[in-house]
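Notes to accompany the following structure.
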Amino acid sequence: MKFFIDTADINEIRDLASTGLVDGVTTNPSLIAKTGRDFISTVREICQIVPGPVSAEVTATDHATMLKEGQKLARIAKNIAVKVPLTRDGLKTCKRLSDDGTMVNVTLCFSAAQAILAAKAGASFISPFVGRLDDVATDGMLLIKDIVDIYKQYPRFKTEVLVASVRGPLHVVAAARMGAHVVTLPPNVLRQMYAHPLTDKGLASFLEDWKKTGQSILGADDSGKKQAAE
Ligand code: E4P
């Protein structure tokens, strides 16, 4: 399972990329607006930090302008995935960009029918928004299961299921059980995934006991003898 991070905050991206666990980044116009920074240069910087796919979203709604915007965004770096909305014009743009060899992430997917269209249009990624479905009392993860199952029936579909609008670690675990290819994680969710009170408690007691031994791993040579202090 690949982990993308769902932010345009450069400091967060640098910090989380240093864990070695980050395979890509997703941005959207709202996340860019939150940074208060220039779109193109921010995305270029992100592409230099993370070598995997970096989603940058078009903002036009008609095919001709979306295509021009998508081509411009694709020129920023080789690892750009142009993000288009799941509309008729968006999918037309997806087909054209995908045929030209550009990665496309189709966003704002809320139904299996839409996901089938995106795969037919050659999308590299389909982004179903699970959290926003949960918000309207519809189980977002059921949509992921449906799309994963449908795509499996058609090995010629190359589209990866990218679970978006993730609200917590349980979404990630459910997505992994279903075999989703990618989850895009808000930074706080990735951090929450490390946490367990029994890990903290266990570590504290190990360290307390270790202290009693008076030993230090780096203070011993390879045979275990205590090294003389410098
Ligand atoms: C990712 O590609 C989406 O833009 C993002 O996950 C949306 O998440 P939200 O519903 O928390 O805004």
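Starting from 1 in every chain, residues are counted up; chains themselves are A, B, ... following the order of the structure tokens, and ligands are numbered from 1 as listed.
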*Within 9 Å of ligand 1, counting only C-alpha atoms and all ligand atoms, residues as an MDAnalysis selection string*: chainID A and resid 5:7 25:31 55 57 83 105:108 127:133 162:167 183:186
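When CA of Thr93 in chain A is paired with CA of Ala64 in chain A, their separation reads 8.0 Å.
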_For the alpha helix (DSSP H) assignment from backbone DSSP, which residues of range 16-118 of chain A qualify? Please present them as a PyMOL selection string._
chain A and resi 16-17+29-35+39-49+63-74+88-99+112-118
*Residue contacts of Ile80 in chain A (9 Å, only C-alpha atoms) excluding same-chain residues fewer than 3 positions away, as a PyMOL selection string*: chain A and resi 43-44+47+52-56+73-77+102-104
Based on the selection just made, write C-alpha atoms of those residues as a PDB file, in the first residue's frame.
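Output below, filename part-v8.pdb:
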ATOM      1  CA  VAL A  43       4.250  22.392  -6.417  1.00  0.00           C
ATOM      2  CA  ARG A  44       7.725  22.545  -8.012  1.00  0.00           C
ATOM      3  CA  CYS A  47       8.233  17.640  -6.597  1.00  0.00           C
ATOM      4  CA  GLY A  52       6.762   9.976  -6.324  1.00  0.00           C
ATOM      5  CA  PRO A  53       3.550  11.318  -7.860  1.00  0.00           C
ATOM      6  CA  VAL A  54       2.580  14.861  -6.809  1.00  0.00           C
ATOM      7  CA  SER A  55      -1.010  15.801  -7.644  1.00  0.00           C
ATOM      8  CA  ALA A  56      -1.638  19.352  -8.856  1.00  0.00           C
ATOM      9  CA  LEU A  73       1.207  21.690 -14.779  1.00  0.00           C
ATOM     10  CA  ALA A  74       2.721  18.554 -16.333  1.00  0.00           C
ATOM     11  CA  ARG A  75       5.713  20.616 -17.506  1.00  0.00           C
ATOM     12  CA  ILE A  76       6.589  21.525 -13.881  1.00  0.00           C
ATOM     13  CA  ALA A  77       8.205  18.131 -13.221  1.00  0.00           C
ATOM     14  CA  THR A 102       0.809  12.228 -18.357  1.00  0.00           C
ATOM     15  CA  MET A 103      -0.304  10.780 -14.997  1.00  0.00           C
ATOM     16  CA  VAL A 104      -3.840  11.884 -14.146  1.00  0.00           C
TER      17      VAL A 104
END
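Relative to CA of Gly90 in chain A, CA of Gln48 in chain A is found at 26.9 Å.
The nearest approach to Lys95 in chain A among the residues A:Thr199, A:Ser205, A:Asn188, A:Ser124, with only C-alpha atoms taken into account, belongs to A:Ser124.
Near Leu67 in chain A, within 8 Å and counting only C-alpha atoms, sit A:His63, A:Ala64, A:Thr65, A:Glu69, A:Gly70, A:Gln71, A:Thr93, A:Arg96, A:Leu97, not including residues fewer than 2 positions from it in the same chain.
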For the residues in the current selection, export N, CA, C and O atoms as an mmCIF file, in the first residue's frame.
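The result, written out as result33.cif:
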data_model
loop_
_atom_site.group_PDB
_atom_site.id
_atom_site.type_symbol
_atom_site.label_atom_id
_atom_site.label_comp_id
_atom_site.auth_asym_id
_atom_site.auth_seq_id
_atom_site.Cartn_x
_atom_site.Cartn_y
_atom_site.Cartn_z
ATOM 1 N N HIS A 63 -13.146 21.744 -21.015
ATOM 2 C CA HIS A 63 -12.094 20.846 -21.484
ATOM 3 C C HIS A 63 -10.887 21.582 -22.080
ATOM 4 O O HIS A 63 -9.741 21.295 -21.722
ATOM 5 N N ALA A 64 -11.134 22.554 -22.978
ATOM 6 C CA ALA A 64 -10.021 23.211 -23.681
ATOM 7 C C ALA A 64 -9.069 23.887 -22.678
ATOM 8 O O ALA A 64 -7.845 23.723 -22.761
ATOM 9 N N THR A 65 -9.639 24.604 -21.719
ATOM 10 C CA THR A 65 -8.777 25.305 -20.756
ATOM 11 C C THR A 65 -8.148 24.328 -19.766
ATOM 12 O O THR A 65 -6.974 24.453 -19.408
ATOM 13 N N GLU A 69 -4.219 23.965 -18.984
ATOM 14 C CA GLU A 69 -3.710 24.025 -17.599
ATOM 15 C C GLU A 69 -2.975 22.729 -17.242
ATOM 16 O O GLU A 69 -1.894 22.760 -16.648
ATOM 17 N N GLY A 70 -3.572 21.607 -17.626
ATOM 18 C CA GLY A 70 -2.968 20.308 -17.308
ATOM 19 C C GLY A 70 -1.593 20.167 -17.973
ATOM 20 O O GLY A 70 -0.644 19.691 -17.344
ATOM 21 N N GLN A 71 -1.510 20.605 -19.240
ATOM 22 C CA GLN A 71 -0.221 20.502 -19.940
ATOM 23 C C GLN A 71 0.817 21.397 -19.274
ATOM 24 O O GLN A 71 1.983 21.033 -19.149
ATOM 25 N N THR A 93 -10.506 15.452 -20.567
ATOM 26 C CA THR A 93 -9.138 15.950 -20.371
ATOM 27 C C THR A 93 -8.241 14.816 -19.872
ATOM 28 O O THR A 93 -7.087 14.673 -20.309
ATOM 29 N N ARG A 96 -7.223 12.580 -22.777
ATOM 30 C CA ARG A 96 -6.238 13.215 -23.654
ATOM 31 C C ARG A 96 -4.850 13.247 -22.986
ATOM 32 O O ARG A 96 -3.843 12.866 -23.586
ATOM 33 N N LEU A 97 -4.805 13.664 -21.725
ATOM 34 C CA LEU A 97 -3.510 13.750 -21.023
ATOM 35 C C LEU A 97 -2.917 12.351 -20.830
ATOM 36 O O LEU A 97 -1.708 12.146 -21.010
#
*asked:* Would you pick out the contacts of Ala112 in chain A at 7 Å or less, using only C-alpha atoms, so that residues sharing its chain but fewer than 5 positions from it are not included, and give the list as an MDAnalysis selection string?
replied: chainID A and resid 143 146:147
*Near Pro187 in chain A, counting only C-alpha atoms, which residues have an atom at most 12 Å away, once you skip same-chain residues fewer than 5 positions from it, shown as a PyMOL selection string?*
chain A and resi 3-17+22+25-26+166-169+192-194
*Where does DSSP see strand (DSSP E or B) in range 86-209 of chain A, if you list the residues as a ChimeraX atom specification?*
/A:103-109,125-129,160-164,182-185
Selection export as an mmCIF file, in the first residue's frame, atoms kept: N, CA and C atoms:
data_model
loop_
_atom_site.group_PDB
_atom_site.id
_atom_site.type_symbol
_atom_site.label_atom_id
_atom_site.label_comp_id
_atom_site.auth_asym_id
_atom_site.auth_seq_id
_atom_site.Cartn_x
_atom_site.Cartn_y
_atom_site.Cartn_z
ATOM 1 N N MET A 103 0.484 11.409 -16.075
ATOM 2 C CA MET A 103 -0.304 10.780 -14.997
ATOM 3 C C MET A 103 -1.484 11.691 -14.673
ATOM 4 N N VAL A 104 -2.656 11.092 -14.500
ATOM 5 C CA VAL A 104 -3.840 11.884 -14.146
ATOM 6 C C VAL A 104 -4.510 11.272 -12.919
ATOM 7 N N ASN A 105 -4.848 12.144 -11.967
ATOM 8 C CA ASN A 105 -5.599 11.750 -10.773
ATOM 9 C C ASN A 105 -6.998 12.353 -10.910
ATOM 10 N N VAL A 106 -7.999 11.490 -11.014
ATOM 11 C CA VAL A 106 -9.380 11.985 -11.132
ATOM 12 C C VAL A 106 -9.965 12.117 -9.736
ATOM 13 N N THR A 107 -10.356 13.333 -9.396
ATOM 14 C CA THR A 107 -10.742 13.638 -8.019
ATOM 15 C C THR A 107 -12.254 13.873 -7.890
ATOM 16 N N LEU A 108 -12.701 13.960 -6.628
ATOM 17 C CA LEU A 108 -14.120 14.193 -6.328
ATOM 18 C C LEU A 108 -14.994 13.065 -6.856
ATOM 19 N N CYS A 109 -14.546 11.823 -6.588
ATOM 20 C CA CYS A 109 -15.326 10.645 -6.986
ATOM 21 C C CYS A 109 -16.202 10.215 -5.810
ATOM 22 N N PHE A 125 -4.947 7.416 -11.313
ATOM 23 C CA PHE A 125 -5.526 7.304 -9.963
ATOM 24 C C PHE A 125 -6.980 7.753 -9.986
ATOM 25 N N ILE A 126 -7.807 7.065 -9.172
ATOM 26 C CA ILE A 126 -9.169 7.545 -8.918
ATOM 27 C C ILE A 126 -9.232 7.885 -7.441
ATOM 28 N N SER A 127 -9.747 9.067 -7.118
ATOM 29 C CA SER A 127 -9.795 9.503 -5.713
ATOM 30 C C SER A 127 -11.226 9.563 -5.177
ATOM 31 N N PRO A 128 -11.702 8.466 -4.585
ATOM 32 C CA PRO A 128 -12.991 8.513 -3.888
ATOM 33 C C PRO A 128 -12.795 9.172 -2.521
ATOM 34 N N PHE A 129 -13.710 10.073 -2.147
ATOM 35 C CA PHE A 129 -13.591 10.859 -0.916
ATOM 36 C C PHE A 129 -14.378 10.190 0.210
ATOM 37 N N GLU A 160 -5.251 3.124 -10.265
ATOM 38 C CA GLU A 160 -5.071 2.765 -8.852
ATOM 39 C C GLU A 160 -6.113 3.489 -7.992
ATOM 40 N N VAL A 161 -6.627 2.756 -7.007
ATOM 41 C CA VAL A 161 -7.621 3.350 -6.103
ATOM 42 C C VAL A 161 -6.876 4.124 -5.008
ATOM 43 N N LEU A 162 -7.100 5.441 -5.001
ATOM 44 C CA LEU A 162 -6.416 6.345 -4.063
ATOM 45 C C LEU A 162 -7.465 6.843 -3.064
ATOM 46 N N VAL A 163 -7.413 6.308 -1.867
ATOM 47 C CA VAL A 163 -8.428 6.649 -0.866
ATOM 48 C C VAL A 163 -8.156 8.062 -0.342
ATOM 49 N N ALA A 164 -9.122 8.958 -0.580
ATOM 50 C CA ALA A 164 -8.940 10.368 -0.210
ATOM 51 C C ALA A 164 -9.970 10.784 0.836
ATOM 52 N N VAL A 182 -3.561 2.991 -2.725
ATOM 53 C CA VAL A 182 -2.957 4.194 -2.135
ATOM 54 C C VAL A 182 -3.926 4.804 -1.122
ATOM 55 N N VAL A 183 -3.381 5.380 -0.055
ATOM 56 C CA VAL A 183 -4.197 6.270 0.790
ATOM 57 C C VAL A 183 -3.475 7.603 0.834
ATOM 58 N N THR A 184 -4.234 8.689 0.788
ATOM 59 C CA THR A 184 -3.583 9.983 0.985
ATOM 60 C C THR A 184 -3.960 10.498 2.365
ATOM 61 N N LEU A 185 -2.909 10.748 3.158
ATOM 62 C CA LEU A 185 -3.104 10.992 4.585
ATOM 63 C C LEU A 185 -2.858 12.437 4.958
#
*Find the residues around Leu91 in chain A up to 8 Å (only C-alpha atoms counted), leave out those fewer than 5 positions away in its own chain, and share them as a list of chain:residue names.*
A:Val84, A:Pro85, A:Leu86, A:Val106, A:Leu117, A:Ala118, A:Ala121
Write the residues you've just listed into a file as a tab-separated table (two decimals), in the first residue's frame, and include N, CA and C atoms for each of them.
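Done, and the output landed in again09.tsv:
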chain	number	residue	atom	x	y	z
A	84	VAL	N	-7.82	16.21	-12.10
A	84	VAL	CA	-9.00	16.79	-12.78
A	84	VAL	C	-10.25	16.33	-12.04
A	85	PRO	N	-11.30	17.16	-12.04
A	85	PRO	CA	-12.53	16.74	-11.36
A	85	PRO	C	-13.29	15.72	-12.18
A	86	LEU	N	-14.09	14.92	-11.46
A	86	LEU	CA	-14.85	13.89	-12.16
A	86	LEU	C	-16.11	14.48	-12.80
A	106	VAL	N	-8.00	11.49	-11.01
A	106	VAL	CA	-9.38	11.98	-11.13
A	106	VAL	C	-9.97	12.12	-9.74
A	117	LEU	N	-15.93	5.12	-15.16
A	117	LEU	CA	-15.64	6.09	-16.23
A	117	LEU	C	-14.18	6.55	-16.18
A	118	ALA	N	-13.69	6.79	-14.98
A	118	ALA	CA	-12.30	7.27	-14.84
A	118	ALA	C	-11.32	6.21	-15.33
A	121	ALA	N	-11.24	6.18	-18.94
A	121	ALA	CA	-10.55	7.37	-19.46
A	121	ALA	C	-9.04	7.30	-19.24
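Distance-wise, CA of Ala113 in chain A and CA of Asp134 in chain A end up 18.5 Å apart.
Each of A:Ile49, A:Lys226, A:Lys201, A:Ala175 was checked against Gly140 in chain A using only C-alpha atoms; the smallest atom-to-atom distance is that of A:Ala175.
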